[in-house]
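Working notes for the structure below.
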Amino acid sequence: MKRNELVLGNKTLKDITEDIVAPVESFPGKGWIGMFLGAKTLFLFYIISVAVVISTGMGLLGVNNPIGWGTMIITFVFWIGIGHAGTLISAVLFLFRQKWRTSVARTAEAMTVFAVMTAGIFPLIHTGRPWLDFWLFPYPNQRGPLWVNFRSPLLWDVFAVSTYATVSIVFWYIGLVPDFATIRDRAKNKIRKVVYGALSLGWRGTARNWSHYEMLYLLLAGLSTPLVLSVHTIVSFDFAVSQLPGWHTTIFPPYFVAGAIFSGFGMVVTLMTLVRIGFPAFKDYVTLDHMEVMNKIIMTTGLMVGYAYGSEFFVAWYSGNIYERYVFFISRASGPYAWSYWTMIICNVFIPQIFWFKWARRSIPVMFTVSIFVNIGMWFERFVITVTSLHRDFLPANWGMYAWSFWDTAILLGSFGMFLTLFLLYLRLFPAISIAEIKPVMNVGKEGEGGGHH
């Protein structure tokens, strides 16, 4: 069966190198500078907001009694979910030999690293005393019986997220090594040659180098793949191991993983759309076929999270538990936070179904709009899970509303400033597409022209 070309424009091997390293070697254009200044301003606003909250106290945020978990935990889970698509695209699809991953894997991996970095800050702020956050880690100390609680899912988060971050960064970096060597060899000034020479770890492109590289990359892909499933499963335990109605449910692990992949692919489509606009030469590498495949995954995982939402109602009804029934059938569907619940349903379940139509899957404006709605919907999913269960628990005497404040909004929006600033810097300093992986798939794209096979 003839496959669509993975690289358009009849590129030569030299063209590929020139196109991909051009953003790294040339002065940035007005578009990149404009986006960077905007993101940097938002990032500075984020730093100031966090500093004010830490110096003044958690009282500035909307957390109260009974809603002790607010924006910090909601946004933490949101960003961790964003980080899932990168490893999925890169590691899982690599193991399944899916060649369409080559053009988007590098950027998706970068997205994972920056999303996990952004996420990691929120639990640290949530503790209220971030200068004591090193207490989260078990280590020999003089504090007597004071010790981390290994039975707490919050401690499991520390290990799961830090492991995921470490493996993701190493996996991303190893994939960059051959391309760093390419930039080093093309460098025309000493500083660039020294910096990229150090980053390339002495790469010479010998058969021995490639042999070791491919084995290490395969091992890291194998190590990363179970982490895709395990990290968000463990994050879901923050809720699932409790006794609170709406949280105490066994469907949470697969539900969270499917939601994470869904939101992660939504963010990948958002970013790849911006990359195509900011760097038009990349349109030959990140083609509409690539975007269409990701849109199909968004549509599929949207159906999966829709199934999970429906299962929650069924389990609440079938269990006969009056508290579960109250949470799902009354509180979430028609309670004071029903607006957030139906926002989640519309954004996550109904809007992505437009991708049943091929014209929508291949339309850049449509897919960009849908990806934004997906990210809004997935943030609201975490809002619904956290707030709607806490604001009405077993005792009506405990009931209360979440006091959302200006500082909640500031920190939520500011976190996007941090993420986008890091991402834009990455586009300028690192090759956004893997040169070493694009060149071997050229034969696949030319099979119809008699240029090779796969």
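Chain lettering (A, B, ...) mirrors the order of the structure tokens, residue numbering begins at 1 for each chain separately, and ligand numbering begins at 1 in order of display.
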Given only C-alpha atoms, how would the per-residue table for region 18-98 of chain A near region 206-228 of chain A read, listing every residue at most 9 Å away with its closest atom pair and distance in Å to one decimal, sorted by chain and number, as JSON lines?
```
{"residue": "A:His84", "atom": "CA", "partner": "A:Val228", "partner_atom": "CA", "distance": 6.1}
{"residue": "A:Ala85", "atom": "CA", "partner": "A:Val228", "partner_atom": "CA", "distance": 8.5}
{"residue": "A:Thr87", "atom": "CA", "partner": "A:Val228", "partner_atom": "CA", "distance": 6.7}
{"residue": "A:Leu88", "atom": "CA", "partner": "A:Val228", "partner_atom": "CA", "distance": 6.6}
{"residue": "A:Ser90", "atom": "CA", "partner": "A:Ala221", "partner_atom": "CA", "distance": 7.7}
{"residue": "A:Ala91", "atom": "CA", "partner": "A:Ala221", "partner_atom": "CA", "distance": 4.5}
{"residue": "A:Val92", "atom": "CA", "partner": "A:Thr225", "partner_atom": "CA", "distance": 5.7}
{"residue": "A:Phe94", "atom": "CA", "partner": "A:Ala221", "partner_atom": "CA", "distance": 7.3}
{"residue": "A:Leu95", "atom": "CA", "partner": "A:Ala221", "partner_atom": "CA", "distance": 7.0}
```
Only N, CA and C atoms, please: the residues just picked out, written as a PDB file, in the first residue's frame.
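This is the output file selection-v3.pdb:
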```
ATOM      1  N   HIS A  84       2.294  13.998  29.055  1.00  0.00           N
ATOM      2  CA  HIS A  84       2.227  12.598  28.671  1.00  0.00           C
ATOM      3  C   HIS A  84       2.394  12.352  27.176  1.00  0.00           C
ATOM      4  N   ALA A  85       1.899  13.257  26.362  1.00  0.00           N
ATOM      5  CA  ALA A  85       1.919  12.998  24.914  1.00  0.00           C
ATOM      6  C   ALA A  85       3.335  12.924  24.382  1.00  0.00           C
ATOM      7  N   THR A  87       6.169  11.725  25.694  1.00  0.00           N
ATOM      8  CA  THR A  87       6.767  10.400  25.852  1.00  0.00           C
ATOM      9  C   THR A  87       6.004   9.369  25.043  1.00  0.00           C
ATOM     10  N   LEU A  88       4.694   9.536  24.960  1.00  0.00           N
ATOM     11  CA  LEU A  88       3.908   8.583  24.176  1.00  0.00           C
ATOM     12  C   LEU A  88       4.319   8.637  22.711  1.00  0.00           C
ATOM     13  N   SER A  90       7.041   9.833  21.383  1.00  0.00           N
ATOM     14  CA  SER A  90       8.431   9.512  21.134  1.00  0.00           C
ATOM     15  C   SER A  90       8.771   8.061  21.452  1.00  0.00           C
ATOM     16  N   ALA A  91       8.480   7.630  22.681  1.00  0.00           N
ATOM     17  CA  ALA A  91       8.935   6.306  23.105  1.00  0.00           C
ATOM     18  C   ALA A  91       8.014   5.192  22.618  1.00  0.00           C
ATOM     19  N   VAL A  92       6.726   5.340  22.868  1.00  0.00           N
ATOM     20  CA  VAL A  92       5.805   4.258  22.528  1.00  0.00           C
ATOM     21  C   VAL A  92       5.747   4.049  21.014  1.00  0.00           C
ATOM     22  N   PHE A  94       7.991   4.888  18.910  1.00  0.00           N
ATOM     23  CA  PHE A  94       9.297   4.405  18.454  1.00  0.00           C
ATOM     24  C   PHE A  94       9.360   2.880  18.562  1.00  0.00           C
ATOM     25  N   LEU A  95       8.872   2.357  19.677  1.00  0.00           N
ATOM     26  CA  LEU A  95       8.905   0.903  19.864  1.00  0.00           C
ATOM     27  C   LEU A  95       7.998   0.198  18.860  1.00  0.00           C
TER      28      LEU A  95
END
```
Q) Could you name the residues that touch region 376-386 of chain A at 8 Å or less, counting only C-alpha atoms, but leaving out those on the same chain fewer than 2 positions away, as a list of chain:residue names? A)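 Final neighbour list, sorted by chain and number: A:Trp69, A:Gly70, A:Thr71, A:Ile74, A:Thr75, A:Val77, A:Phe78, A:Gly246, A:Trp247, A:Gly259, A:Ser263, A:Arg332, A:Tyr337, A:Ser340, A:Tyr341, A:Thr343, A:Met344, A:Ile345, A:Ile346, A:Cys347, A:Asn348, A:Ile372, A:Phe373, A:Val374, A:Thr388, A:Ser389, A:Leu390.
Neighbouring residues of Phe282 (chain A) at 9 Å or closer, counting only C-alpha atoms and skipping chain neighbours under 6 positions away, are Asp19, Ile20, Val275, Arg276 and Ile433 of chain A.
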Keeping only C-alpha atoms, take the residues you just selected and write them out as a compact mmCIF listing (two decimals), in the first residue's frame.
```txt
# COMPACT_ATOMS: atom_id res chain seq x y z
CA ASP A 19 16.07 23.80 6.92
CA ILE A 20 16.17 22.35 10.42
CA VAL A 275 5.64 26.07 14.93
CA ARG A 276 4.29 25.74 11.38
CA ILE A 433 13.08 18.32 14.37
```
Q: Check the smallest atom-to-atom distance from each of A:Phe134, A:Phe350, A:Phe171, A:Trp342 to Ala110 (chain A) using only C-alpha atoms, then report the winner.
A: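 Looking only at the distances to Ala110 (chain A), the closest residue turns out to be A:Phe171.
Using only C-alpha atoms, the nearest neighbour of Arg101 (chain A) within the list A:Thr369, A:Ser434, A:Ser162, A:Gln353 is A:Ser434.
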Q. Pick from A:Asp15, A:Glu5, A:Asp133, A:Asp238: nearest to Thr287 (chain A), with only C-alpha atoms counted?
A.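 Of all the options, A:Glu5 lies closest to Thr287 (chain A).
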Q.
Using only C-alpha atoms, which protein or nucleic acid residues come within 12 Å of Ile89 (chain A)? Drop anything in the same chain fewer than 4 positions from it, and give the result as number ranges by chain.
A. A: 83-85, 93-112, 221, 224-225, 228, 261, 264-265, 268, 290, 293-294, 297
Q.
One number please: CA of Thr127 (chain A) to CA of Trp156 (chain A), in Å, one decimal.
A.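 Straight-line distance from CA of Thr127 (chain A) to CA of Trp156 (chain A) works out to 15.6 Å.
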Q. Running DSSP on the backbone, which parts of region 174-385 of chain A land in helix (DSSP H, G or I), as a ChimeraX atom specification?
A. /A:174-186,190-199,207-240,252-278,280-284,288-319,322-334,338-356,358-361,364-385
Q) Skipping near chain neighbours, those fewer than 3 positions away, what residues fall within 10 Å of Gly68 (chain A) using only C-alpha atoms, listed as a list in words? A)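 So the residues in contact are Gly62, Val63, Asn64, Asn65, Thr71, Ile73, His126, Thr386, Val387, Leu390, His391 and Tyr402 of chain A.
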Can I get the selected residues back with N, CA, C and O atoms, as a JSON list (two decimals), in the first residue's frame?
```json
[["chain", "number", "residue", "atom", "x", "y", "z"],
["A", 62, "GLY", "N", -7.61, 30.95, 46.93],
["A", 62, "GLY", "CA", -9.01, 30.67, 47.28],
["A", 62, "GLY", "C", -9.22, 29.46, 48.17],
["A", 62, "GLY", "O", -10.37, 29.14, 48.49],
["A", 63, "VAL", "N", -8.14, 28.78, 48.56],
["A", 63, "VAL", "CA", -8.33, 27.59, 49.39],
["A", 63, "VAL", "C", -8.92, 27.97, 50.74],
["A", 63, "VAL", "O", -8.58, 29.01, 51.31],
["A", 64, "ASN", "N", -9.81, 27.15, 51.23],
["A", 64, "ASN", "CA", -10.47, 27.42, 52.50],
["A", 64, "ASN", "C", -10.96, 26.09, 53.09],
["A", 64, "ASN", "O", -10.57, 25.03, 52.62],
["A", 65, "ASN", "N", -11.78, 26.17, 54.07],
["A", 65, "ASN", "CA", -12.43, 24.99, 54.60],
["A", 65, "ASN", "C", -13.88, 24.98, 54.09],
["A", 65, "ASN", "O", -14.62, 25.93, 54.34],
["A", 71, "THR", "N", -6.38, 25.71, 43.18],
["A", 71, "THR", "CA", -5.70, 25.93, 41.91],
["A", 71, "THR", "C", -4.38, 25.17, 41.79],
["A", 71, "THR", "O", -4.04, 24.67, 40.73],
["A", 73, "ILE", "N", -3.27, 22.25, 43.06],
["A", 73, "ILE", "CA", -3.36, 20.83, 42.74],
["A", 73, "ILE", "C", -4.04, 20.63, 41.39],
["A", 73, "ILE", "O", -3.65, 19.77, 40.60],
["A", 126, "HIS", "N", 2.01, 24.76, 47.02],
["A", 126, "HIS", "CA", 0.84, 24.30, 47.77],
["A", 126, "HIS", "C", 1.16, 23.95, 49.22],
["A", 126, "HIS", "O", 0.30, 24.04, 50.09],
["A", 386, "THR", "N", -11.69, 18.00, 41.66],
["A", 386, "THR", "CA", -11.17, 18.49, 42.94],
["A", 386, "THR", "C", -12.24, 19.26, 43.71],
["A", 386, "THR", "O", -12.51, 18.97, 44.88],
["A", 387, "VAL", "N", -12.83, 20.25, 43.09],
["A", 387, "VAL", "CA", -13.68, 21.19, 43.83],
["A", 387, "VAL", "C", -15.07, 20.61, 44.11],
["A", 387, "VAL", "O", -15.57, 20.74, 45.23],
["A", 390, "LEU", "N", -14.99, 18.21, 47.02],
["A", 390, "LEU", "CA", -14.65, 18.79, 48.32],
["A", 390, "LEU", "C", -15.74, 19.73, 48.84],
["A", 390, "LEU", "O", -15.95, 19.84, 50.05],
["A", 391, "HIS", "N", -16.44, 20.42, 47.94],
["A", 391, "HIS", "CA", -17.34, 21.47, 48.43],
["A", 391, "HIS", "C", -18.64, 20.90, 49.02],
["A", 391, "HIS", "O", -19.36, 21.59, 49.72],
["A", 402, "TYR", "N", -15.83, 27.38, 46.80],
["A", 402, "TYR", "CA", -14.42, 27.72, 46.59],
["A", 402, "TYR", "C", -14.30, 29.22, 46.32],
["A", 402, "TYR", "O", -14.97, 29.74, 45.43]]
```
(Q) Give me, as a list in words, all polymer residues having an atom no more than 9 Å from region 7-11 of chain A, counting only C-alpha atoms and skipping those fewer than 6 positions away in the same chain. (A)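 Close residues of region 7-11 of chain A: Ser103, Lys283, Asp284, Tyr285, Val286, Thr287, Ile438, Val441, Met442, Gly445 and Lys446 of chain A.
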Proximity check region 117-151 of chain A to region 412-432 of chain A, 9 Å, nearest pairs one decimal Å, only C-alpha atoms, as JSON lines:
```
{"residue": "A:Met117", "atom": "CA", "partner": "A:Phe419", "partner_atom": "CA", "distance": 8.3}
{"residue": "A:Thr118", "atom": "CA", "partner": "A:Phe419", "partner_atom": "CA", "distance": 6.4}
{"residue": "A:Ala119", "atom": "CA", "partner": "A:Ser415", "partner_atom": "CA", "distance": 8.6}
```
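Among the candidates A:Ala316, A:Leu274, A:Val195, A:Leu6, the one nearest to His248 (chain A) when counting only C-alpha atoms is A:Ala316.
Every protein, DNA or RNA residue with an atom at most 9 Å from Phe262 (chain A), where only C-alpha atoms count and chain neighbours fewer than 4 positions away do not, is listed here: A:Gly81, A:Ile82, A:His84, A:Ala85, A:Val257, A:Ala258, A:Gly266, A:Met267, A:Ile297, A:Ile298, A:Met299, A:Thr300, A:Thr301, A:Gly302, A:Met304, A:Val305, A:Asn348, A:Val374, A:Asn375, A:Met378.
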**Q.** Nearest residue to Val170 (chain A) from the set A:Trp32, A:Ala410, A:Val113, A:Gly144 (distances using only C-alpha atoms)
**A.**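 Of the candidates, the smallest distance to Val170 (chain A) is held by A:Val113.
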Q) Smallest atom-to-atom distance to Val158 (chain A): which of A:Ile234, A:Ala240, A:Leu303, A:Leu201, using only C-alpha atoms? A)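 Smallest distance to Val158 (chain A) is found for A:Ile234.
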